[in-house]
Amino acid sequence: MKRKLISVGVACWLTLFFFIAGASDLRAEEVFITIGSGDIAGVYFPVGLAMARILNENSQTNGIRAAVEATNGSTFNLKGILAGYLEFGLAQSDTQNQAVSGREAWKDKGPQSELRSVFSLHHEAVTLVAAVDAGITTLADLKGKRVSLGNPGVSEHRIILNVLEAAGIDPKRDIVQFDVMASDAPILMEDNRLDAYFFTVGHPSETIYKALSGKRKARIVPISGPGIDRMVAERNDYIRSTIPVRQLYPEVGDQPDVATMGVVAILCTSTRVSPDVVYALTRELFENFETFRLQHPALTRLTKQGILAGQSAPLHPGALRYFREAGLIPP
């Protein structure tokens with residue numbers, strides 16, 4: 001999922017606003033938590049708001065007051081959790097895996113043994129959007145084309161590089177590489193300055209819709225092949241996924257479902273957070289599961305059977321306690 005920097009002032013204002021929302025009649029025993037989300041234009045931010053809204057509306061019974069902080073996404077959130085200035089945060093499964101194994105942003109600090117999972121959320125599909133007139137219908141067709149791999153420095157960029165490597169494509173040799181924000185890519189493609197772009201995102205996405213409904217006709221290209229299958233099979237942080245284009249983007253054509261792969265968004269925390277707090281949060285969200293699912297289109301395909309998908313960090317004892325009580329995990 002693409003993350004763009006936002007001003008500190010905006011982030012602080014949003015945090016304060018949602019911290020005080022519904023904050024009348026506070027009780028001394030209430031626990032205050034902050035949930036790290038993502039860019040306000042992405043999916044993580046509204047998902048974080050959905051969680052906070054449900055928790056705050058029922059704070060008199062669950063004892064939790066939740067604030068949402070707009071952030072730069074997965075890596076920022078995990079670092080914030082591990083440093084102790086975020087209690088919870090959303091992160092992609094591959095970024096969680098990097099922290100647990102001490103790679104990438106954590107290569108100097110080593111494995112982060114305090115990191116814990118709470119539950120898994122929506123799938124974030126690696127999405128390849130290509131102009132129809134560019135003749136791109138498979139990954140192999142990218143050779144010689146102008147392709148954006150997204151913004152360097154974020155976990156999404158690493159996923160795309162892994163996809164290209166698995167497909168036998170060298171980005172330095174085989175394509176004309178661009179690195180632009182996903183929100184800018186549809187405009188560049190419509191202006192014939194790009195032939196295709198990658199975006200790892202929960203669907204439906206306004207950015208994807210914008211590209212599919214532009215004047216220059218576009219399609220979503222499958223992410224498939226033997227190399228992709230091997231890569232997904234070898235990693236527990238990647239999953240196979242499908243984008244139901246007809247269902248999610250009915251206004252922009254009759255393209256069939258598209259096979260792809262991706263990651264899972266995971267709500268994370270640390271061993272520092274009380275099991276009672278994690279239990280109360282988990283219970284509140286899952287006792288209001290249908291309401292939660294309706295808070296954002298990306299959440300509508302959530303199932304209780306997918307609560308552990310893509311996780312590398314151990315499940316927090318508070319979450320484990322609730323899932324066992326609810327019969328979602330065997331005792």
# chains A, B, ... in the order shown; residues from 1 in each chain; ligands from 1
call {"tool": "residues_around", "arguments": {"residues": "segment 242-258 of chain A", "least_positions_apart": "4", "cutoff": "6 Å", "atoms": "only C-alpha atoms", "output": "PyMOL selection string"}}
result
chain A and resi 204+213+222
call {"tool": "write_last_selection", "arguments": {"atoms": "all heavy atoms", "output": "PDB file, in the first residue's frame"}}
result
ATOM      1  N   PRO A 204     -12.019  -2.414  -3.006  1.00  0.00           N
ATOM      2  CA  PRO A 204     -11.830  -1.496  -4.128  1.00  0.00           C
ATOM      3  C   PRO A 204     -10.975  -0.297  -3.738  1.00  0.00           C
ATOM      4  O   PRO A 204     -10.949   0.117  -2.589  1.00  0.00           O
ATOM      5  CB  PRO A 204     -13.256  -1.064  -4.476  1.00  0.00           C
ATOM      6  CG  PRO A 204     -13.987  -1.154  -3.172  1.00  0.00           C
ATOM      7  CD  PRO A 204     -13.393  -2.340  -2.462  1.00  0.00           C
ATOM      8  N   SER A 213     -11.128   3.875 -15.356  1.00  0.00           N
ATOM      9  CA  SER A 213     -12.191   4.679 -15.949  1.00  0.00           C
ATOM     10  C   SER A 213     -11.658   5.869 -16.746  1.00  0.00           C
ATOM     11  O   SER A 213     -12.432   6.734 -17.164  1.00  0.00           O
ATOM     12  CB  SER A 213     -13.130   5.191 -14.852  1.00  0.00           C
ATOM     13  OG  SER A 213     -12.428   5.976 -13.902  1.00  0.00           O
ATOM     14  N   PRO A 222      -2.966 -10.114 -14.692  1.00  0.00           N
ATOM     15  CA  PRO A 222      -2.686 -11.154 -13.700  1.00  0.00           C
ATOM     16  C   PRO A 222      -1.226 -11.173 -13.254  1.00  0.00           C
ATOM     17  O   PRO A 222      -0.319 -10.905 -14.040  1.00  0.00           O
ATOM     18  CB  PRO A 222      -3.039 -12.451 -14.439  1.00  0.00           C
ATOM     19  CG  PRO A 222      -3.970 -12.030 -15.535  1.00  0.00           C
ATOM     20  CD  PRO A 222      -3.525 -10.657 -15.948  1.00  0.00           C
TER      21      PRO A 222
END
call {"tool": "residues_around", "arguments": {"residues": "segment 149-153 of chain A", "least_positions_apart": "4", "cutoff": "7 Å", "atoms": "only C-alpha atoms", "output": "PyMOL selection string"}}
result
chain A and resi 157+160+178-182+197-199
call {"tool": "closest_residue", "arguments": {"among": "A:Lys210, A:His203, A:Arg230, A:Arg216", "to": "Glu190 of chain A", "atoms": "only C-alpha atoms"}}
result
A:Arg216
call {"tool": "closest_residue", "arguments": {"among": "A:Arg65, A:Met231, A:Arg240, A:Ala91", "to": "Val47 of chain A", "atoms": "only C-alpha atoms"}}
result
A:Ala91
call {"tool": "atom_distance", "arguments": {"atom1": "atom CA of Ala130 of chain A", "atom2": "atom CA of Leu164 of chain A"}}
result
15.3 Å
call {"tool": "select_by_dssp", "arguments": {"residues": "segment 13-232 of chain A", "states": "helix (DSSP H, G or I)", "output": "PyMOL selection string"}}
result
chain A and resi 13-20+44-57+59-62+74-83+93-101+104-106+132-134+139-142+155-166+185-190+206-212+226-232
